[in-house]
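Peer 1: Right, I'll just put the structure down here and ask away after.
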Amino acid sequence: LWQMWPEESLKNAMKVSAYNFMHPYRVPTDQLLGIRTAKRDVLDVNEFFTPRDRGVPHEVAILFSTPTEHLGQAEGGHASYKLFDQAVMSLEFSHLLSDVIFEEQITNSLARLGQYKVLVAPGTDATYAGTCKRVNQWVEKGGVLVLLGESMHLNEYGGKNPEAFTGIEQGKLKESEQATIDVLGVKVQGSCYSDTTLDASWEVLGRIGDQVVVARKKFGRGTVWYLNGKFSGDGIGDLVKLAAKDAGVKPSAETLDACADGGSTFLRSIELDAASRAGMDAYMLTARTLRDAVTRFKPRRPMPKMVRVWNDPTQAYRQEIMPDKEGYYTLELPAGDPVMIVGGTKAQIDARYPQGPKGVWMAPRTSEAARGQARQRRAE
């Protein structure tokens with residue numbers, strides 16, 4: 001096609017295209033200003049979210065098992081094959097900061113696994129020789145292992161694993177009706193995963209009929225949780241958060257629904273990233289919803305002053321936000337757009353985010369005012 005155009009014509013076309021893009025009379029100036037605005041938005045939180053190490057420890061690891069992946073492919077899509085994706089997605093919205101680690105990183109050494117307090121093994125049935133032994137040692141030293149669906153009972157070739165955790169007799173996959181399971185006060189929706197038998201050393205925490213669905217067992221100073229269920233995406237995250245309490249691991253922040261049940265219900269579908277630098281904490285909240293969300297947000301630690309750094313420069317640019325008496329900040333989250341919150345001492349915030357023009361700056365906003373406005377919008 002390009003051979004149909006003389007070389008001189010192509011050169012002229014490139015000149016015209018460049019002119020059309022850069023010339024202010026060809027491109028509306030407000031569109032060009034968007035480039036500057038985007039740069040400002042990035043640089044406002046650059047030191048927090050650009051580095052790979054964001055200054056906040058990730059205490060939860062999710063295991064990616066190559067033998068499980070290979071076995072699932074060989075068997076034509078075993079049920080455990082997709083549990084990894086479900087676990088990663090669920091933890092993404094649980095506000096537990098997590099990393100994915102490969103089985104090859106923990107088979108021969110505890111160096112990498114020792115960086116974490118909780119290990120989630122989603123659908124991990126087949127493992128390399130040595131993996132279970134290392135994980136067992138880690139649990140005995142105080143780690144919390146969450147076995148989701150499978151129990152590491154097979155070797156990499158699909159045979160019986162002599163290193164598997166004791167007291168679990170993994171059965172065949174089982175179909176059952178969905179039910180609500182109450183686990184230590186946390187209610188989740190799920191069904192049975194397999195017809196599995198546990199010995200008396202396990203503490204049963206949840207059943208569907210006669211089948212154990214949630215159980216835990218002490219191993220040395222640590223704990224093993226066995227989740228023998230097919231849970232909703234939210235259910236996996238809720239149960240992992242519950243198990244993480246055994247290791248003293250808490251979510252990086254809380255997001256409650258400000259418009260339901262008195263603002264006490266966990267607001268799902270909020271993606272949250274946290275960072276810390278030079279004594280200041282930053283949070284990036286994104287509502288993965290079809291409509292705007294209103295949340296009661298509580299950071300992992302209180303800060304003397306917090307600002308909503310940016311979203312819309314004409315509405316909420318560097319606006320100070322105020323907590324309620326319980327320490328929660330009420331925030332309106334536009335669907336799909338990130339909202340940046342930064343907290344620190346008054347001197348730090350005033351120096352890093354000085355007050356903008358009066359036409360842009362907004363007065364400090366209280367949680368009570370934000371909640372009232374949100375309810376009014378919902379009513380309309």
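In the structure tokens, chains take the letters A, B, ... in the order shown, each chain's residues start at 1, and ligands count up from 1 in the order shown.
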If we count only C-alpha atoms, what is near segment 281-291 of chain A at a cut-off of 6 Å, once residues fewer than 5 positions away on the same chain are taken out, given as number ranges by chain?
Peer 2: A: 269-276, 335-343
Peer 1: Show which residues sit within 8 Å of Ser252 of chain A, as an MDAnalysis selection string. Count only C-alpha atoms, and ignore same-chain residues fewer than 5 positions away.
Peer 2: chainID A and resid 95:97 274 299:300
Peer 1: Filtering to all heavy atoms, could you give me those residues as a PDB file, in the first residue's frame?
Peer 2:
ATOM      1  N   HIS A  95      -7.688  -6.270  50.717  1.00  0.00           N
ATOM      2  CA  HIS A  95      -6.774  -5.294  51.323  1.00  0.00           C
ATOM      3  C   HIS A  95      -5.646  -5.943  52.112  1.00  0.00           C
ATOM      4  O   HIS A  95      -4.972  -5.273  52.900  1.00  0.00           O
ATOM      5  CB  HIS A  95      -7.522  -4.288  52.208  1.00  0.00           C
ATOM      6  CG  HIS A  95      -8.698  -3.638  51.534  1.00  0.00           C
ATOM      7  ND1 HIS A  95      -8.792  -3.528  50.164  1.00  0.00           N
ATOM      8  CD2 HIS A  95      -9.827  -3.064  52.036  1.00  0.00           C
ATOM      9  CE1 HIS A  95      -9.931  -2.915  49.854  1.00  0.00           C
ATOM     10  NE2 HIS A  95     -10.568  -2.632  50.958  1.00  0.00           N
ATOM     11  N   LEU A  96      -5.437  -7.253  51.905  1.00  0.00           N
ATOM     12  CA  LEU A  96      -4.233  -7.905  52.411  1.00  0.00           C
ATOM     13  C   LEU A  96      -3.151  -7.760  51.343  1.00  0.00           C
ATOM     14  O   LEU A  96      -3.329  -8.206  50.212  1.00  0.00           O
ATOM     15  CB  LEU A  96      -4.485  -9.387  52.685  1.00  0.00           C
ATOM     16  CG  LEU A  96      -5.350  -9.739  53.891  1.00  0.00           C
ATOM     17  CD1 LEU A  96      -5.662 -11.236  53.890  1.00  0.00           C
ATOM     18  CD2 LEU A  96      -4.674  -9.354  55.199  1.00  0.00           C
ATOM     19  N   LEU A  97      -2.041  -7.128  51.684  1.00  0.00           N
ATOM     20  CA  LEU A  97      -0.975  -6.932  50.717  1.00  0.00           C
ATOM     21  C   LEU A  97      -0.251  -8.254  50.495  1.00  0.00           C
ATOM     22  O   LEU A  97       0.270  -8.853  51.443  1.00  0.00           O
ATOM     23  CB  LEU A  97      -0.006  -5.859  51.216  1.00  0.00           C
ATOM     24  CG  LEU A  97      -0.629  -4.478  51.458  1.00  0.00           C
ATOM     25  CD1 LEU A  97       0.419  -3.506  51.957  1.00  0.00           C
ATOM     26  CD2 LEU A  97      -1.286  -3.950  50.191  1.00  0.00           C
ATOM     27  N   ALA A 274      -1.261   0.434  49.069  1.00  0.00           N
ATOM     28  CA  ALA A 274      -0.718   1.276  50.128  1.00  0.00           C
ATOM     29  C   ALA A 274       0.780   1.457  49.942  1.00  0.00           C
ATOM     30  O   ALA A 274       1.469   0.584  49.408  1.00  0.00           O
ATOM     31  CB  ALA A 274      -1.006   0.656  51.492  1.00  0.00           C
ATOM     32  N   PRO A 299      -7.398   4.272  57.523  1.00  0.00           N
ATOM     33  CA  PRO A 299      -6.035   3.870  57.195  1.00  0.00           C
ATOM     34  C   PRO A 299      -5.433   2.945  58.247  1.00  0.00           C
ATOM     35  O   PRO A 299      -5.982   2.791  59.346  1.00  0.00           O
ATOM     36  CB  PRO A 299      -5.286   5.208  57.142  1.00  0.00           C
ATOM     37  CG  PRO A 299      -6.063   6.124  58.017  1.00  0.00           C
ATOM     38  CD  PRO A 299      -7.503   5.691  57.890  1.00  0.00           C
ATOM     39  N   ARG A 300      -4.310   2.348  57.901  1.00  0.00           N
ATOM     40  CA  ARG A 300      -3.692   1.359  58.799  1.00  0.00           C
ATOM     41  C   ARG A 300      -3.173   2.004  60.079  1.00  0.00           C
ATOM     42  O   ARG A 300      -3.015   1.330  61.095  1.00  0.00           O
ATOM     43  CB  ARG A 300      -2.571   0.620  58.076  1.00  0.00           C
ATOM     44  CG  ARG A 300      -1.378   1.455  57.673  1.00  0.00           C
ATOM     45  CD  ARG A 300      -0.430   0.691  56.768  1.00  0.00           C
ATOM     46  NE  ARG A 300       0.752   1.468  56.450  1.00  0.00           N
ATOM     47  CZ  ARG A 300       1.920   1.359  57.071  1.00  0.00           C
ATOM     48  NH1 ARG A 300       2.028   0.513  58.069  1.00  0.00           N
ATOM     49  NH2 ARG A 300       2.955   2.087  56.713  1.00  0.00           N
TER      50      ARG A 300
END
Peer 1: To test your reading of the structure, identify every residue in segment 64-250 of chain A that backbone DSSP assigns to alpha helix (DSSP H), and report it as an NGL selection string.
Peer 2: :A and (66-74 or 83-92 or 131-140 or 233-244)
Peer 1: From the set A:Thr66, A:Asn228, A:Thr295, A:Thr180, which residue has the shortest atom-to-atom contact distance to Leu148 of chain A, counting only C-alpha atoms?
Peer 2: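 Selected residue with least distance to Leu148 of chain A: A:Asn228.
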Peer 1: By how many Å are atom CA of Ile101 of chain A and atom CA of Arg277 of chain A apart?
Peer 2: 24.9 Å
Peer 1: So which residues of segment 130-277 of chain A fall under strand (DSSP E) by DSSP, listed as a ChimeraX atom specification?
Peer 2: /A:144-148,154-155,168-169,179-183,186-192,197-198,203-208,211-219,222-227,229-231,253-257,270-277
Peer 1: Between A:Asn161, A:Ser232, A:Gln170, A:Thr223, which is the closest to Val139 of chain A once you count only C-alpha atoms?
Peer 2: A:Thr223
Peer 1: Quick one, how far is atom CA of Glu103 of chain A from atom CA of Leu91 of chain A?
Peer 2: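 Distance between the two atoms: 19.0 Å.
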Peer 1: Find the spatial neighbours of segment 265-268 of chain A, counting only C-alpha atoms, within a cut-off of 7 Å - ignore same-chain residues fewer than 6 positions away - and output them as an MDAnalysis selection string.
Peer 2: chainID A and resid 93 255:257 295
Peer 1: Write the selection just made, keeping N, CA and C atoms, as a PDB file, in the first residue's frame?
Peer 2:
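Below is the file that was written, selection-v2.pdb:
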ATOM      1  N   PHE A  93      -8.905  -7.659  46.484  1.00  0.00           N
ATOM      2  CA  PHE A  93      -9.940  -6.791  47.035  1.00  0.00           C
ATOM      3  C   PHE A  93     -10.137  -6.984  48.537  1.00  0.00           C
ATOM      4  N   THR A 255     -12.361  -0.503  54.305  1.00  0.00           N
ATOM      5  CA  THR A 255     -13.316   0.226  53.478  1.00  0.00           C
ATOM      6  C   THR A 255     -14.714  -0.314  53.788  1.00  0.00           C
ATOM      7  N   LEU A 256     -15.528   0.521  54.390  1.00  0.00           N
ATOM      8  CA  LEU A 256     -16.891   0.140  54.745  1.00  0.00           C
ATOM      9  C   LEU A 256     -17.874   0.892  53.860  1.00  0.00           C
ATOM     10  N   ASP A 257     -19.039   0.303  53.654  1.00  0.00           N
ATOM     11  CA  ASP A 257     -20.084   0.929  52.844  1.00  0.00           C
ATOM     12  C   ASP A 257     -20.760   2.022  53.661  1.00  0.00           C
ATOM     13  N   THR A 295     -17.437   5.312  50.555  1.00  0.00           N
ATOM     14  CA  THR A 295     -16.863   4.411  51.548  1.00  0.00           C
ATOM     15  C   THR A 295     -16.431   5.153  52.796  1.00  0.00           C
TER      16      THR A 295
END
Peer 1: Find the residues near Gly279 of chain A: any atom within 12 Å, counting only C-alpha atoms, skip ones fewer than 3 places away on the same chain, and give them as a JSON list (two decimals) with all heavy atoms, in the first residue's frame.
Peer 2:
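Contents of out_24.json, as written:
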[["chain", "number", "residue", "atom", "x", "y", "z"],
["A", 48, "PHE", "N", 5.81, 7.55, 46.07],
["A", 48, "PHE", "CA", 5.11, 6.50, 46.80],
["A", 48, "PHE", "C", 4.89, 5.24, 45.95],
["A", 48, "PHE", "O", 5.19, 4.13, 46.40],
["A", 48, "PHE", "CB", 3.75, 7.00, 47.30],
["A", 48, "PHE", "CG", 3.84, 8.09, 48.32],
["A", 48, "PHE", "CD1", 3.53, 9.40, 47.99],
["A", 48, "PHE", "CD2", 4.25, 7.82, 49.62],
["A", 48, "PHE", "CE1", 3.61, 10.42, 48.93],
["A", 48, "PHE", "CE2", 4.33, 8.82, 50.57],
["A", 48, "PHE", "CZ", 4.01, 10.13, 50.21],
["A", 55, "GLY", "N", 7.52, 0.48, 50.63],
["A", 55, "GLY", "CA", 7.71, 0.81, 52.03],
["A", 55, "GLY", "C", 6.72, 0.18, 52.98],
["A", 55, "GLY", "O", 6.77, 0.45, 54.18],
["A", 56, "VAL", "N", 5.81, -0.63, 52.49],
["A", 56, "VAL", "CA", 4.82, -1.32, 53.34],
["A", 56, "VAL", "C", 5.05, -2.82, 53.17],
["A", 56, "VAL", "O", 5.01, -3.33, 52.05],
["A", 56, "VAL", "CB", 3.38, -0.95, 52.95],
["A", 56, "VAL", "CG1", 2.38, -1.69, 53.83],
["A", 56, "VAL", "CG2", 3.17, 0.55, 53.06],
["A", 275, "ALA", "N", 1.29, 2.61, 50.38],
["A", 275, "ALA", "CA", 2.71, 2.90, 50.30],
["A", 275, "ALA", "C", 3.09, 3.80, 51.47],
["A", 275, "ALA", "O", 2.24, 4.49, 52.04],
["A", 275, "ALA", "CB", 3.06, 3.58, 48.98],
["A", 276, "SER", "N", 4.37, 3.79, 51.82],
["A", 276, "SER", "CA", 4.86, 4.63, 52.91],
["A", 276, "SER", "C", 6.26, 5.12, 52.57],
["A", 276, "SER", "O", 7.09, 4.34, 52.09],
["A", 276, "SER", "CB", 4.88, 3.83, 54.23],
["A", 276, "SER", "OG", 5.27, 4.65, 55.31],
["A", 282, "ALA", "N", 0.53, 6.72, 51.94],
["A", 282, "ALA", "CA", -0.29, 7.03, 50.77],
["A", 282, "ALA", "C", -1.15, 5.83, 50.42],
["A", 282, "ALA", "O", -0.74, 4.68, 50.60],
["A", 282, "ALA", "CB", 0.59, 7.41, 49.58],
["A", 301, "ARG", "N", -2.87, 3.30, 60.02],
["A", 301, "ARG", "CA", -2.48, 4.02, 61.22],
["A", 301, "ARG", "C", -2.94, 5.48, 61.08],
["A", 301, "ARG", "O", -2.96, 6.03, 59.99],
["A", 301, "ARG", "CB", -0.97, 3.96, 61.44],
["A", 301, "ARG", "CG", -0.13, 4.49, 60.28],
["A", 301, "ARG", "CD", 1.35, 4.39, 60.59],
["A", 301, "ARG", "NE", 2.17, 4.90, 59.50],
["A", 301, "ARG", "CZ", 3.49, 5.00, 59.54],
["A", 301, "ARG", "NH1", 4.14, 4.61, 60.62],
["A", 301, "ARG", "NH2", 4.17, 5.47, 58.49],
["A", 302, "PRO", "N", -3.32, 6.10, 62.20],
["A", 302, "PRO", "CA", -3.83, 7.48, 62.13],
["A", 302, "PRO", "C", -2.72, 8.46, 61.77],
["A", 302, "PRO", "O", -1.55, 8.26, 62.12],
["A", 302, "PRO", "CB", -4.38, 7.73, 63.53],
["A", 302, "PRO", "CG", -3.62, 6.77, 64.40],
["A", 302, "PRO", "CD", -3.34, 5.57, 63.57],
["A", 303, "MET", "N", -3.08, 9.52, 61.08],
["A", 303, "MET", "CA", -2.16, 10.58, 60.69],
["A", 303, "MET", "C", -2.74, 11.93, 61.11],
["A", 303, "MET", "O", -3.95, 12.14, 61.02],
["A", 303, "MET", "CB", -1.94, 10.56, 59.18],
["A", 303, "MET", "CG", -1.05, 9.42, 58.70],
["A", 303, "MET", "SD", 0.65, 9.67, 59.25],
["A", 303, "MET", "CE", 1.43, 8.15, 58.69],
["A", 304, "PRO", "N", -1.88, 12.86, 61.55],
["A", 304, "PRO", "CA", -2.39, 14.19, 61.98],
["A", 304, "PRO", "C", -3.13, 14.93, 60.89],
["A", 304, "PRO", "O", -4.08, 15.66, 61.16],
["A", 304, "PRO", "CB", -1.12, 14.94, 62.40],
["A", 304, "PRO", "CG", -0.13, 13.86, 62.74],
["A", 304, "PRO", "CD", -0.44, 12.73, 61.81],
["A", 342, "VAL", "N", -3.10, 10.95, 50.90],
["A", 342, "VAL", "CA", -1.77, 10.99, 51.52],
["A", 342, "VAL", "C", -1.90, 11.60, 52.91],
["A", 342, "VAL", "O", -2.59, 12.62, 53.10],
["A", 342, "VAL", "CB", -0.77, 11.81, 50.68],
["A", 342, "VAL", "CG1", 0.61, 11.81, 51.35],
["A", 342, "VAL", "CG2", -0.66, 11.25, 49.27],
["A", 343, "GLY", "N", -1.24, 10.97, 53.88],
["A", 343, "GLY", "CA", -1.29, 11.45, 55.25],
["A", 343, "GLY", "C", 0.09, 11.60, 55.84],
["A", 343, "GLY", "O", 1.04, 10.91, 55.47],
["A", 344, "GLY", "N", 0.23, 12.53, 56.79],
["A", 344, "GLY", "CA", 1.49, 12.76, 57.48],
["A", 344, "GLY", "C", 1.30, 13.84, 58.52],
["A", 344, "GLY", "O", 0.17, 14.19, 58.87],
["A", 345, "THR", "N", 2.40, 14.39, 59.01],
["A", 345, "THR", "CA", 2.28, 15.50, 59.94],
["A", 345, "THR", "C", 1.83, 16.74, 59.16],
["A", 345, "THR", "O", 1.95, 16.79, 57.92],
["A", 345, "THR", "CB", 3.62, 15.80, 60.61],
["A", 345, "THR", "OG1", 4.57, 16.24, 59.62],
["A", 345, "THR", "CG2", 4.17, 14.56, 61.31],
["A", 346, "LYS", "N", 1.33, 17.73, 59.89],
["A", 346, "LYS", "CA", 0.87, 18.94, 59.21],
["A", 346, "LYS", "C", 2.02, 19.61, 58.44],
["A", 346, "LYS", "O", 1.84, 20.07, 57.31],
["A", 346, "LYS", "CB", 0.29, 19.92, 60.23],
["A", 346, "LYS", "CG", -0.34, 21.18, 59.62],
["A", 346, "LYS", "CD", -0.94, 22.08, 60.68],
["A", 346, "LYS", "CE", -1.68, 23.26, 60.05],
["A", 346, "LYS", "NZ", -0.82, 24.06, 59.13],
["A", 347, "ALA", "N", 3.20, 19.63, 59.04],
["A", 347, "ALA", "CA", 4.36, 20.24, 58.38],
["A", 347, "ALA", "C", 4.72, 19.49, 57.10],
["A", 347, "ALA", "O", 5.02, 20.11, 56.07],
["A", 347, "ALA", "CB", 5.55, 20.28, 59.34],
["A", 348, "GLN", "N", 4.68, 18.14, 57.15],
["A", 348, "GLN", "CA", 5.01, 17.35, 55.97],
["A", 348, "GLN", "C", 4.02, 17.60, 54.84],
["A", 348, "GLN", "O", 4.40, 17.82, 53.68],
["A", 348, "GLN", "CB", 5.02, 15.86, 56.33],
["A", 348, "GLN", "CG", 6.22, 15.40, 57.12],
["A", 348, "GLN", "CD", 6.12, 13.94, 57.50],
["A", 348, "GLN", "OE1", 5.05, 13.47, 57.91],
["A", 348, "GLN", "NE2", 7.22, 13.23, 57.38],
["A", 349, "ILE", "N", 2.72, 17.56, 55.17],
["A", 349, "ILE", "CA", 1.70, 17.71, 54.13],
["A", 349, "ILE", "C", 1.70, 19.12, 53.56],
["A", 349, "ILE", "O", 1.60, 19.32, 52.34],
["A", 349, "ILE", "CB", 0.31, 17.36, 54.70],
["A", 349, "ILE", "CG1", 0.26, 15.89, 55.12],
["A", 349, "ILE", "CG2", -0.78, 17.64, 53.68],
["A", 349, "ILE", "CD1", 0.52, 14.91, 54.00]]
Peer 1: Could you pull the residues within 10 Å of Leu198 of chain A, counting only C-alpha atoms, minus those fewer than 5 positions along the same chain, as a ChimeraX atom specification?
Peer 2: /A:166-170,203-204,211-212,215,226
Peer 1: Using only C-alpha atoms, which protein or nucleic acid residues come within 12 Å of Gly158 of chain A? Drop anything in the same chain fewer than 5 positions from it, and give the result as number ranges by chain.
Peer 2: A: 67-72, 74-75, 124-128, 152-153
Peer 1: Take the residues just selected and output them with N, CA, C and O atoms as a CSV table (one decimal), in the first residue's frame.
Peer 2:
chain,number,residue,atom,x,y,z
A,67,PRO,N,4.2,-27.8,39.2
A,67,PRO,CA,3.7,-29.1,39.0
A,67,PRO,C,2.2,-29.2,39.0
A,67,PRO,O,1.6,-30.0,38.2
A,68,THR,N,1.5,-28.4,39.8
A,68,THR,CA,0.0,-28.3,39.7
A,68,THR,C,-0.5,-27.9,38.4
A,68,THR,O,-1.4,-28.4,37.8
A,69,GLU,N,0.2,-26.8,37.8
A,69,GLU,CA,-0.2,-26.3,36.5
A,69,GLU,C,0.0,-27.4,35.5
A,69,GLU,O,-0.9,-27.6,34.6
A,70,HIS,N,1.1,-28.1,35.5
A,70,HIS,CA,1.4,-29.1,34.5
A,70,HIS,C,0.4,-30.3,34.6
A,70,HIS,O,-0.1,-30.8,33.6
A,71,LEU,N,0.1,-30.7,35.9
A,71,LEU,CA,-0.8,-31.8,36.1
A,71,LEU,C,-2.2,-31.4,35.6
A,71,LEU,O,-3.0,-32.2,35.0
A,72,GLY,N,-2.6,-30.1,35.9
A,72,GLY,CA,-3.9,-29.7,35.5
A,72,GLY,C,-4.1,-29.7,34.0
A,72,GLY,O,-5.1,-30.0,33.4
A,74,ALA,N,-2.3,-31.6,31.9
A,74,ALA,CA,-2.3,-33.0,31.4
A,74,ALA,C,-3.7,-33.7,31.6
A,74,ALA,O,-4.1,-34.6,30.9
A,75,GLU,N,-4.4,-33.3,32.7
A,75,GLU,CA,-5.7,-33.9,33.0
A,75,GLU,C,-6.8,-33.2,32.3
A,75,GLU,O,-8.0,-33.5,32.6
A,124,THR,N,-3.4,-26.4,45.2
A,124,THR,CA,-2.1,-27.0,45.0
A,124,THR,C,-2.2,-28.5,45.4
A,124,THR,O,-2.2,-28.8,46.6
A,125,ASP,N,-2.3,-29.3,44.4
A,125,ASP,CA,-2.3,-30.7,44.6
A,125,ASP,C,-1.0,-31.4,44.4
A,125,ASP,O,-0.5,-32.2,45.2
A,126,ALA,N,-0.3,-31.1,43.3
A,126,ALA,CA,1.0,-31.7,43.0
A,126,ALA,C,2.2,-30.7,43.3
A,126,ALA,O,2.1,-29.6,43.0
A,127,THR,N,3.2,-31.3,44.0
A,127,THR,CA,4.4,-30.5,44.4
A,127,THR,C,5.7,-31.2,44.1
A,127,THR,O,5.7,-32.4,43.9
A,128,TYR,N,6.7,-30.4,44.0
A,128,TYR,CA,8.1,-31.0,43.9
A,128,TYR,C,8.4,-31.7,45.2
A,128,TYR,O,8.0,-31.3,46.3
A,152,MET,N,-1.9,-30.6,48.8
A,152,MET,CA,-0.5,-31.0,48.5
A,152,MET,C,-0.2,-32.5,48.6
A,152,MET,O,0.8,-32.9,49.1
A,153,HIS,N,-1.2,-33.3,48.3
A,153,HIS,CA,-1.1,-34.7,48.5
A,153,HIS,C,-0.5,-35.5,47.4
A,153,HIS,O,-0.4,-36.8,47.5
